[in-house]
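S.K.: What follows is the file run.cif, containing mmCIF, C-alpha atoms:
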data_start
#
loop_
_atom_site.group_PDB
_atom_site.id
_atom_site.type_symbol
_atom_site.label_atom_id
_atom_site.label_comp_id
_atom_site.auth_asym_id
_atom_site.auth_seq_id
_atom_site.Cartn_x
_atom_site.Cartn_y
_atom_site.Cartn_z
ATOM 1 C CA MET T 1 72.402 154.812 82.213
ATOM 2 C CA SER T 2 68.847 156.155 82.264
ATOM 3 C CA ALA T 3 66.603 156.288 79.213
ATOM 4 C CA THR T 4 67.067 160.056 79.008
ATOM 5 C CA GLU T 5 70.865 159.875 79.007
ATOM 6 C CA GLY T 6 71.204 157.925 75.773
ATOM 7 C CA PRO T 7 74.467 156.617 74.362
ATOM 8 C CA LYS T 8 77.631 158.658 74.740
ATOM 9 C CA ARG T 9 78.911 157.621 71.328
ATOM 10 C CA LEU T 10 77.902 157.913 67.745
ATOM 11 C CA ARG T 11 78.774 155.788 64.761
ATOM 12 C CA VAL T 12 80.892 157.797 62.321
ATOM 13 C CA GLU T 13 81.095 156.624 58.714
ATOM 14 C CA LEU T 14 83.431 158.493 56.347
ATOM 15 C CA ILE T 15 82.645 157.181 52.884
ATOM 16 C CA THR T 16 83.937 158.004 49.389
ATOM 17 C CA PRO T 17 82.897 156.586 45.995
ATOM 18 C CA ASP T 18 85.815 154.146 46.415
ATOM 19 C CA GLY T 19 84.420 152.837 49.710
ATOM 20 C CA PRO T 20 84.676 153.445 53.453
ATOM 21 C CA VAL T 21 87.714 155.327 54.743
ATOM 22 C CA PHE T 22 86.741 155.352 58.436
ATOM 23 C CA VAL T 23 83.947 153.525 60.278
ATOM 24 C CA GLU T 24 84.041 153.561 64.086
ATOM 25 C CA ASP T 25 82.167 154.651 67.165
ATOM 26 C CA ALA T 26 83.312 158.083 68.344
ATOM 27 C CA ARG T 27 82.531 160.844 70.815
ATOM 28 C CA MET T 28 82.226 163.652 68.266
ATOM 29 C CA VAL T 29 82.658 164.556 64.611
ATOM 30 C CA VAL T 30 83.375 167.995 63.125
ATOM 31 C CA VAL T 31 82.706 168.511 59.407
ATOM 32 C CA PRO T 32 83.325 171.467 57.037
ATOM 33 C CA GLY T 33 79.772 172.585 56.236
ATOM 34 C CA LYS T 34 79.059 175.053 53.429
ATOM 35 C CA ALA T 35 77.947 177.594 56.065
ATOM 36 C CA GLY T 36 80.808 176.817 58.479
ATOM 37 C CA GLU T 37 82.069 174.017 60.689
ATOM 38 C CA LEU T 38 79.476 171.720 62.185
ATOM 39 C CA GLY T 39 80.277 169.797 65.367
ATOM 40 C CA VAL T 40 78.042 166.873 66.263
ATOM 41 C CA LEU T 41 77.771 164.967 69.530
ATOM 42 C CA PRO T 42 75.643 161.919 70.357
ATOM 43 C CA ARG T 43 71.861 162.505 70.495
ATOM 44 C CA HIS T 44 72.022 165.295 67.910
ATOM 45 C CA ILE T 45 68.782 166.052 66.094
ATOM 46 C CA PRO T 46 68.499 164.609 62.584
ATOM 47 C CA LEU T 47 70.242 166.824 60.045
ATOM 48 C CA ILE T 48 71.447 166.831 56.459
ATOM 49 C CA ALA T 49 74.084 169.365 55.377
ATOM 50 C CA GLN T 50 76.148 170.113 52.303
ATOM 51 C CA LEU T 51 79.921 169.953 52.814
ATOM 52 C CA LYS T 52 82.747 171.897 51.214
ATOM 53 C CA PRO T 53 86.336 170.690 50.887
ATOM 54 C CA GLY T 54 88.117 170.987 54.216
ATOM 55 C CA GLU T 55 89.149 169.107 57.326
ATOM 56 C CA THR T 56 86.908 166.511 58.951
ATOM 57 C CA ARG T 57 87.883 165.710 62.535
ATOM 58 C CA VAL T 58 86.782 162.746 64.646
ATOM 59 C CA ARG T 59 87.165 162.547 68.421
ATOM 60 C CA THR T 60 87.638 158.864 69.183
ATOM 61 C CA LEU T 61 86.374 157.018 72.258
ATOM 62 C CA ASP T 62 89.975 157.292 73.561
ATOM 63 C CA ASP T 63 89.728 161.112 73.338
ATOM 64 C CA GLU T 64 92.193 161.319 70.457
ATOM 65 C CA TRP T 65 91.485 163.506 67.428
ATOM 66 C CA LEU T 66 91.827 162.044 63.934
ATOM 67 C CA SER T 67 91.903 164.408 60.961
ATOM 68 C CA PHE T 68 91.048 163.831 57.311
ATOM 69 C CA ALA T 69 91.296 166.065 54.249
ATOM 70 C CA THR T 70 87.848 165.662 52.722
ATOM 71 C CA GLY T 71 86.314 166.805 49.451
ATOM 72 C CA SER T 72 82.860 168.213 48.924
ATOM 73 C CA GLY T 73 79.823 166.109 49.690
ATOM 74 C CA TYR T 74 77.030 165.645 52.190
ATOM 75 C CA PHE T 75 76.626 164.954 55.888
ATOM 76 C CA LYS T 76 73.737 163.170 57.561
ATOM 77 C CA ILE T 77 73.140 162.569 61.255
ATOM 78 C CA GLN T 78 70.271 160.420 62.454
ATOM 79 C CA HIS T 79 69.887 158.000 65.383
ATOM 80 C CA ASP T 80 73.503 158.500 66.533
ATOM 81 C CA ARG T 81 74.810 157.568 63.102
ATOM 82 C CA ALA T 82 76.899 160.239 61.366
ATOM 83 C CA SER T 83 77.436 159.621 57.650
ATOM 84 C CA VAL T 84 80.040 161.764 55.902
ATOM 85 C CA LEU T 85 79.654 161.139 52.153
ATOM 86 C CA VAL T 86 82.427 162.911 50.248
ATOM 87 C CA GLU T 87 84.206 162.830 46.889
ATOM 88 C CA SER T 88 87.566 162.138 48.547
ATOM 89 C CA ALA T 89 89.051 161.557 51.998
ATOM 90 C CA VAL T 90 92.654 161.086 53.091
ATOM 91 C CA ALA T 91 93.929 160.709 56.654
ATOM 92 C CA VAL T 92 96.239 163.637 57.398
ATOM 93 C CA GLY T 93 99.133 161.304 58.224
ATOM 94 C CA SER T 94 98.794 159.658 54.800
ATOM 95 C CA ILE T 95 98.941 162.840 52.726
ATOM 96 C CA ASP T 96 101.885 162.904 50.326
ATOM 97 C CA ALA T 97 102.673 166.611 49.931
ATOM 98 C CA ASP T 98 104.837 166.077 46.842
ATOM 99 C CA ARG T 99 102.031 164.137 45.176
ATOM 100 C CA ALA T 100 99.512 166.852 46.126
ATOM 101 C CA ARG T 101 101.764 169.562 44.632
ATOM 102 C CA SER T 102 102.190 167.517 41.448
ATOM 103 C CA ASP T 103 98.414 166.965 41.245
ATOM 104 C CA LEU T 104 97.886 170.714 41.729
ATOM 105 C CA GLU T 105 100.288 171.610 38.912
ATOM 106 C CA ASP T 106 98.667 169.057 36.599
ATOM 107 C CA ALA T 107 95.160 170.342 37.367
ATOM 108 C CA GLN T 108 96.241 173.963 36.821
ATOM 109 C CA ARG T 109 97.711 173.008 33.439
ATOM 110 C CA ARG T 110 94.488 171.194 32.482
ATOM 111 C CA LEU T 111 92.439 174.233 33.549
ATOM 112 C CA GLU T 112 94.502 176.513 31.301
ATOM 113 C CA GLU T 113 94.038 174.134 28.360
ATOM 114 C CA ALA T 114 90.292 173.797 28.986
ATOM 115 C CA SER T 115 89.847 177.549 29.372
ATOM 116 C CA ALA T 116 91.353 178.077 25.917
ATOM 117 C CA GLY T 117 88.824 175.662 24.395
ATOM 118 C CA GLY T 118 85.194 176.166 23.496
ATOM 119 C CA GLU T 119 81.981 175.024 25.100
ATOM 120 C CA GLU T 120 82.999 171.354 24.847
ATOM 121 C CA SER T 121 85.748 172.123 27.368
ATOM 122 C CA ALA T 122 83.268 173.044 30.125
ATOM 123 C CA VAL T 123 83.335 169.538 31.609
ATOM 124 C CA GLU T 124 87.137 169.413 31.557
ATOM 125 C CA ARG T 125 87.289 172.889 33.116
ATOM 126 C CA SER T 126 84.946 171.752 35.897
ATOM 127 C CA ARG T 127 87.019 168.617 36.544
ATOM 128 C CA ALA T 128 90.239 170.626 36.659
ATOM 129 C CA GLU T 129 88.718 173.136 39.099
ATOM 130 C CA ARG T 130 87.556 170.266 41.335
ATOM 131 C CA ASP T 131 91.025 168.675 41.210
ATOM 132 C CA ILE T 132 92.676 172.012 42.056
ATOM 133 C CA ALA T 133 90.413 172.411 45.090
ATOM 134 C CA ASP T 134 91.177 168.827 46.181
ATOM 135 C CA ALA T 135 94.965 169.219 45.897
ATOM 136 C CA GLU T 136 94.929 172.614 47.642
ATOM 137 C CA ASN T 137 92.805 171.152 50.433
ATOM 138 C CA ARG T 138 95.199 168.225 50.977
ATOM 139 C CA LEU T 139 98.115 170.658 51.248
ATOM 140 C CA LYS T 140 96.224 173.004 53.568
ATOM 141 C CA VAL T 141 94.951 170.300 55.915
ATOM 142 C CA SER T 142 98.369 168.639 56.068
ATOM 143 C CA GLY T 143 99.920 171.980 56.974
ATOM 144 C CA ARG T 144 102.295 171.825 54.000
ATOM 145 C CA SER T 145 100.754 174.321 51.588
#
Starting from the file, lay out its structure as structure tokens.
M.R.:
Amino acid sequence: MSATEGPKRLRVELITPDGPVFVEDARMVVVPGKAGELGVLPRHIPLIAQLKPGETRVRTLDDEWLSFATGSGYFKIQHDRASVLVESAVAVGSIDADRARSDLEDAQRRLEEASAGGEESAVERSRAERDIADAENRLKVSGRS
């Protein structure tokens, strides 16, 4: 490999507040940017982007695609290291649709209660809206909405 070719892999780190969900070398990562999907290959220019809830896909070194339902957050690529920092991340195969539906119903109930309250309910309303978006995203990405 010549100096101009560079590596044909990048280190992908999918990290939540609870810790790493996925850390491996890969051929490509596709993240749900606020302005649309962003696909990144090795040797990409440095970049920081805001992410919205959606599907994050990783093309492994074996040319398989792995999918994750990810919450909002940030994405950084620099020196062939792609960091996906999100509120939540669940591998598509691990999504429990019944649990997601239950979480959605609970969050909708909490939103109704918070909306009936005063200004002190603003934080609860925001949390409920975030939880609704998370549950809807898990159902959408799993294909079981």
S.K.: Any chance you could resolve the PyMOL selection byres ((chain T and resi 58) around 9) against this file and give the residues as JSON, numbers by chain?
M.R.: {"T": [12, 26, 27, 28, 29, 30, 31, 56, 57, 59, 60, 64, 65, 66, 67, 68]}
S.K.: I would like the residues chosen by the PyMOL selection byres ((chain T and resi 77) around 10) on the shown file; could you give them as a PyMOL selection string?
M.R.: chain T and resi 10-12+40-49+75-76+78-84
S.K.: Mind giving me the axis-aligned box for stretch 87-92 of chain T with 6 Å on every side, centre plus edges in Å to one decimal, as AutoDock Vina command-line options?
M.R.:
--center_x 90.2 --center_y 162.2 --center_z 52.1 --size_x 24.0 --size_y 14.9 --size_z 22.5
S.K.: Given all atoms listed in the file as the basis, pick out the residue of T:Tyr74, T:Leu104, T:Ala69, T:Asp63 nearest to T:Leu38.
M.R.: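 The answer is T:Tyr74, which sits nearest to T:Leu38.
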S.K.: Using all atoms listed in the file, which protein or nucleic acid residues come within 10 Å of T:Val90? Drop anything in the same chain fewer than 5 positions from it, and give the result as JSON, numbers by chain.
M.R.: {"T": [16, 21, 22, 55, 56, 67, 68, 69, 70, 71, 95, 96, 138, 141, 142]}
S.K.: Give me a file of those residues, with C-alpha atoms, as a compact mmCIF listing (two decimals), in the coordinates of the input.
M.R.:
# COMPACT_ATOMS: atom_id res chain seq x y z
CA THR T 16 83.94 158.00 49.39
CA VAL T 21 87.71 155.33 54.74
CA PHE T 22 86.74 155.35 58.44
CA GLU T 55 89.15 169.11 57.33
CA THR T 56 86.91 166.51 58.95
CA SER T 67 91.90 164.41 60.96
CA PHE T 68 91.05 163.83 57.31
CA ALA T 69 91.30 166.06 54.25
CA THR T 70 87.85 165.66 52.72
CA GLY T 71 86.31 166.80 49.45
CA ILE T 95 98.94 162.84 52.73
CA ASP T 96 101.88 162.90 50.33
CA ARG T 138 95.20 168.22 50.98
CA VAL T 141 94.95 170.30 55.92
CA SER T 142 98.37 168.64 56.07
S.K.: Please measure the separation of atom CA of T:Lys52 and atom CA of T:Glu136, giving the value in Å to one decimal.
M.R.: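 One can read the atom CA of T:Lys52 to atom CA of T:Glu136 distance as 12.7 Å.
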S.K.: Suppose you want the space between atom CA of T:Ala97 and atom CA of T:Gly36; what is it in Å?
M.R.: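 Atom CA of T:Ala97 sits 25.6 Å away from atom CA of T:Gly36.
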